[in-house]
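Colleague: Below is a structure I'd like to ask you about.
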Amino acid sequence: MQWFKNLSNTVKDSLWQANCPLCKRPADRILCKDCDRQITAYQATEFLQKDNPIAPEIPLYSWGIYDGALKRAIAACKYENHPEIMEAIAVKIADTWKRSPHTLSLTKKYKKLFVVPIPLHDSKLKVRGFNQAEILARRFCDVTMLRCNPKLLQRVKETKAQMQTKSKQEREQNLSRAFAVPSTQSSDQQEVILFDDIYTSGATIREAIATLKASNIAVRSVVVLARPQFDR
Ligand SMILES: [Zn+2]
């Protein structure tokens, strides 16, 4: 009956449609066209952030504005167990990355770039089941052909959500020594692109950069899915 099983699988595959994780309507891709369009409406006009909020030598690329449909999609991914939403959005970031002239010069300048997602602490990973930044980074690398190394950086301290901290000092203390580079990671990986879902104060990214730097690993750029609308 194997042939029958195969046949029925084929029929099932061709008829099967998953529902869009955001609006629950049938969709032939991960996101339905309507939700896809609503998310794309929150794509920022500038991918490369001109204000260089991290450091003058570390460009920040931010795909979207953390608001509206994009904000809801990130929440649905994290809190309603829909990691596939990040897969769909990662392709958008990768397409934007491939079209950006700045990224071309970056990859020409640094030939051995690795993409490293900001890790979650094990306890949080157990609860959520996945690290959304890692899903973004892996899918981004599939499309851009960059190499991904989610093991280069580890989160060794449980921290509060940065949004729950009240002052700059509290944010910095919260993250102090939050990361480590495992000794098993070889030292020939000198140059990385850090990847995260949301950029807010930049404290997480700065702490990760400092930890990597202490292990002679240079961050050449940071890519995030979204950051809040800037002050005008
Ligand atoms: Zn939808």
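Identifiers in the structure tokens: chain A, B, ... in order shown; residue index from 1 per chain; ligand index from 1 in order shown.
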Which residues are near ligand 1 in this structure, taking near to mean any atom at most 8 Å from a ligand atom and counting only C-alpha atoms and all ligand atoms? Format them as an MDAnalysis selection string.

Modeller: chainID A and resid 19:27 31:36

Colleague: What residues in segment 42-145 of chain A get the DSSP label alpha helix (DSSP H)? Please answer as number ranges by chain.

Modeller: A: 68-79, 84-99, 101-109, 122-128, 132-144

Colleague: For Leu113 of chain A, which residue out of A:Thr184, A:Ser100, A:Thr45, A:Gln190 is the nearest one, using only C-alpha atoms?

Modeller: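 For Leu113 of chain A, the nearest of the given residues is A:Gln190.
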
Colleague: Using only C-alpha atoms, can you tell me which of A:Asn149, A:Thr204, A:Gln49, A:Thr144 comes closest to Asn174 of chain A?

Modeller: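 The closest residue to Asn174 of chain A is A:Thr204.
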
Colleague: So how many Å separate atom CA of Leu120 of chain A and atom CA of Thr200 of chain A, to one decimal?

Modeller: 16.5 Å

Colleague: Figure out the distance between atom CA of Ser62 of chain A and atom CA of Lys124 of chain A, please, to one decimal in Å.

Modeller: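 That distance, rounded to one decimal, is 24.6 Å.
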
Colleague: Show me a table, sorted first by chain and then by increasing residue number, of the residues of segment 65-164 of chain A having an atom at most 8 Å from segment 208-225 of chain A, each with its shortest atom pair and the distance in Å to one decimal, counting only C-alpha atoms and written as a tab-separated table.

Modeller:
```
residue	atom	partner	partner_atom	distance
A:Ala90	CA	A:Leu225	CA	8.0
A:Ile93	CA	A:Leu225	CA	7.2
A:Ile118	CA	A:Ala208	CA	7.6
A:Leu153	CA	A:Leu212	CA	7.7
```

Colleague: So, with only C-alpha atoms as the atoms that count, which of A:Arg147, A:Lys71, A:Lys92, A:Arg99 lies closest to Pro117 of chain A?

Modeller: A:Arg147

Colleague: Set the distance at 12 Å and use only C-alpha atoms: which residues neighbour Thr107 of chain A once local chain neighbours fewer than 4 positions away are removed? I'd like the list as a ChimeraX atom specification.

Modeller: /A:97-98,100-103,111-115,144-147,191-193,220-221

Colleague: Point out the residue among A:Ala73, A:Ala88, A:Ala178, A:Ala18 with the least atom-to-atom distance to Val143 of chain A, counting only C-alpha atoms.

Modeller: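 Selected residue with least distance to Val143 of chain A: A:Ala88.
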
Colleague: Please provide as a PyMOL selection string all residues within 8 Å of segment 135-140 of chain A, with the sequence filter that same-chain residues fewer than 6 positions apart are discarded (counting only C-alpha atoms).

Modeller: chain A and resi 83+86-87+89-91+93-94+115-117+148+195-197

Colleague: I need the residues from that last selection saved to file as a PDB file, in the first residue's frame (with N, CA, C and O atoms), if you can.

Modeller:
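Written file, selection15.pdb:
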```
ATOM      1  N   PRO A  83       7.136  30.566  14.682  1.00  0.00           N
ATOM      2  CA  PRO A  83       8.475  30.926  14.181  1.00  0.00           C
ATOM      3  C   PRO A  83       8.521  31.110  12.664  1.00  0.00           C
ATOM      4  O   PRO A  83       9.394  31.808  12.151  1.00  0.00           O
ATOM      5  N   MET A  86       9.018  34.554  11.111  1.00  0.00           N
ATOM      6  CA  MET A  86      10.376  35.101  10.962  1.00  0.00           C
ATOM      7  C   MET A  86      11.035  34.609   9.672  1.00  0.00           C
ATOM      8  O   MET A  86      11.822  35.311   9.065  1.00  0.00           O
ATOM      9  N   GLU A  87      10.690  33.370   9.282  1.00  0.00           N
ATOM     10  CA  GLU A  87      11.224  32.840   8.011  1.00  0.00           C
ATOM     11  C   GLU A  87      10.782  33.745   6.866  1.00  0.00           C
ATOM     12  O   GLU A  87      11.571  34.098   5.991  1.00  0.00           O
ATOM     13  N   ILE A  89       9.767  36.864   6.973  1.00  0.00           N
ATOM     14  CA  ILE A  89      10.306  38.235   7.036  1.00  0.00           C
ATOM     15  C   ILE A  89      11.807  38.248   6.735  1.00  0.00           C
ATOM     16  O   ILE A  89      12.326  39.201   6.147  1.00  0.00           O
ATOM     17  N   ALA A  90      12.503  37.173   7.103  1.00  0.00           N
ATOM     18  CA  ALA A  90      13.950  37.102   6.829  1.00  0.00           C
ATOM     19  C   ALA A  90      14.238  37.216   5.334  1.00  0.00           C
ATOM     20  O   ALA A  90      15.242  37.819   4.934  1.00  0.00           O
ATOM     21  N   VAL A  91      13.361  36.654   4.528  1.00  0.00           N
ATOM     22  CA  VAL A  91      13.551  36.722   3.071  1.00  0.00           C
ATOM     23  C   VAL A  91      13.453  38.177   2.605  1.00  0.00           C
ATOM     24  O   VAL A  91      14.211  38.622   1.737  1.00  0.00           O
ATOM     25  N   ILE A  93      14.250  40.803   4.416  1.00  0.00           N
ATOM     26  CA  ILE A  93      15.486  41.493   4.836  1.00  0.00           C
ATOM     27  C   ILE A  93      16.623  41.125   3.867  1.00  0.00           C
ATOM     28  O   ILE A  93      17.388  41.990   3.439  1.00  0.00           O
ATOM     29  N   ALA A  94      16.691  39.848   3.534  1.00  0.00           N
ATOM     30  CA  ALA A  94      17.758  39.392   2.631  1.00  0.00           C
ATOM     31  C   ALA A  94      17.653  40.055   1.258  1.00  0.00           C
ATOM     32  O   ALA A  94      18.667  40.450   0.673  1.00  0.00           O
ATOM     33  N   VAL A 115      27.553  35.420  10.038  1.00  0.00           N
ATOM     34  CA  VAL A 115      26.377  36.033  10.656  1.00  0.00           C
ATOM     35  C   VAL A 115      26.135  35.354  12.006  1.00  0.00           C
ATOM     36  O   VAL A 115      26.082  34.124  12.094  1.00  0.00           O
ATOM     37  N   VAL A 116      26.020  36.160  13.048  1.00  0.00           N
ATOM     38  CA  VAL A 116      25.848  35.636  14.402  1.00  0.00           C
ATOM     39  C   VAL A 116      24.582  36.248  15.024  1.00  0.00           C
ATOM     40  O   VAL A 116      24.511  37.455  15.213  1.00  0.00           O
ATOM     41  N   PRO A 117      23.587  35.420  15.315  1.00  0.00           N
ATOM     42  CA  PRO A 117      22.385  35.964  15.963  1.00  0.00           C
ATOM     43  C   PRO A 117      22.625  36.218  17.447  1.00  0.00           C
ATOM     44  O   PRO A 117      23.403  35.502  18.080  1.00  0.00           O
ATOM     45  N   CYS A 148      26.430  31.264   8.606  1.00  0.00           N
ATOM     46  CA  CYS A 148      25.781  31.561   9.881  1.00  0.00           C
ATOM     47  C   CYS A 148      26.477  30.770  10.992  1.00  0.00           C
ATOM     48  O   CYS A 148      26.779  29.600  10.818  1.00  0.00           O
ATOM     49  N   PHE A 195      23.124  39.839  14.334  1.00  0.00           N
ATOM     50  CA  PHE A 195      21.742  39.838  13.855  1.00  0.00           C
ATOM     51  C   PHE A 195      20.784  39.798  15.044  1.00  0.00           C
ATOM     52  O   PHE A 195      20.953  39.007  15.962  1.00  0.00           O
ATOM     53  N   ASP A 196      19.782  40.645  15.028  1.00  0.00           N
ATOM     54  CA  ASP A 196      18.785  40.605  16.106  1.00  0.00           C
ATOM     55  C   ASP A 196      17.414  40.983  15.556  1.00  0.00           C
ATOM     56  O   ASP A 196      17.312  41.512  14.444  1.00  0.00           O
ATOM     57  N   ASP A 197      16.381  40.717  16.348  1.00  0.00           N
ATOM     58  CA  ASP A 197      15.048  41.071  15.844  1.00  0.00           C
ATOM     59  C   ASP A 197      14.744  42.563  16.056  1.00  0.00           C
ATOM     60  O   ASP A 197      14.429  43.259  15.117  1.00  0.00           O
TER      61      ASP A 197
END
```

Colleague: Closest to Ser123 of chain A among A:Leu60, A:Val156, A:Ile65, A:Ala161, using only C-alpha atoms?

Modeller: A:Val156

Colleague: Within 12 Å of Arg72 of chain A, counting only C-alpha atoms, which residues show up once you throw out same-chain ones fewer than 2 positions away? Write them as number ranges by chain, please.

Modeller: A: 21-23, 35, 38-39, 42, 65-70, 74-80, 82, 85

Colleague: Residues at most 9 Å from Asn81 of chain A, counting only C-alpha atoms, excluding those fewer than 6 positions away in the same chain, as a PyMOL selection string?

Modeller: chain A and resi 128-130

Colleague: Grab the atom CA of Arg171 of chain A to atom CA of Pro119 of chain A distance for me, in Å with one decimal place.

Modeller: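 Computing the Euclidean distance for atom CA of Arg171 of chain A and atom CA of Pro119 of chain A yields 17.3 Å.
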
Colleague: As an MDAnalysis selection string, please: every residue in segment 100-227 of chain A that a backbone DSSP assignment puts in strand (DSSP E or B).

Modeller: chainID A and resid 113:117 147:148 154:155 179:180 191:198 218:227
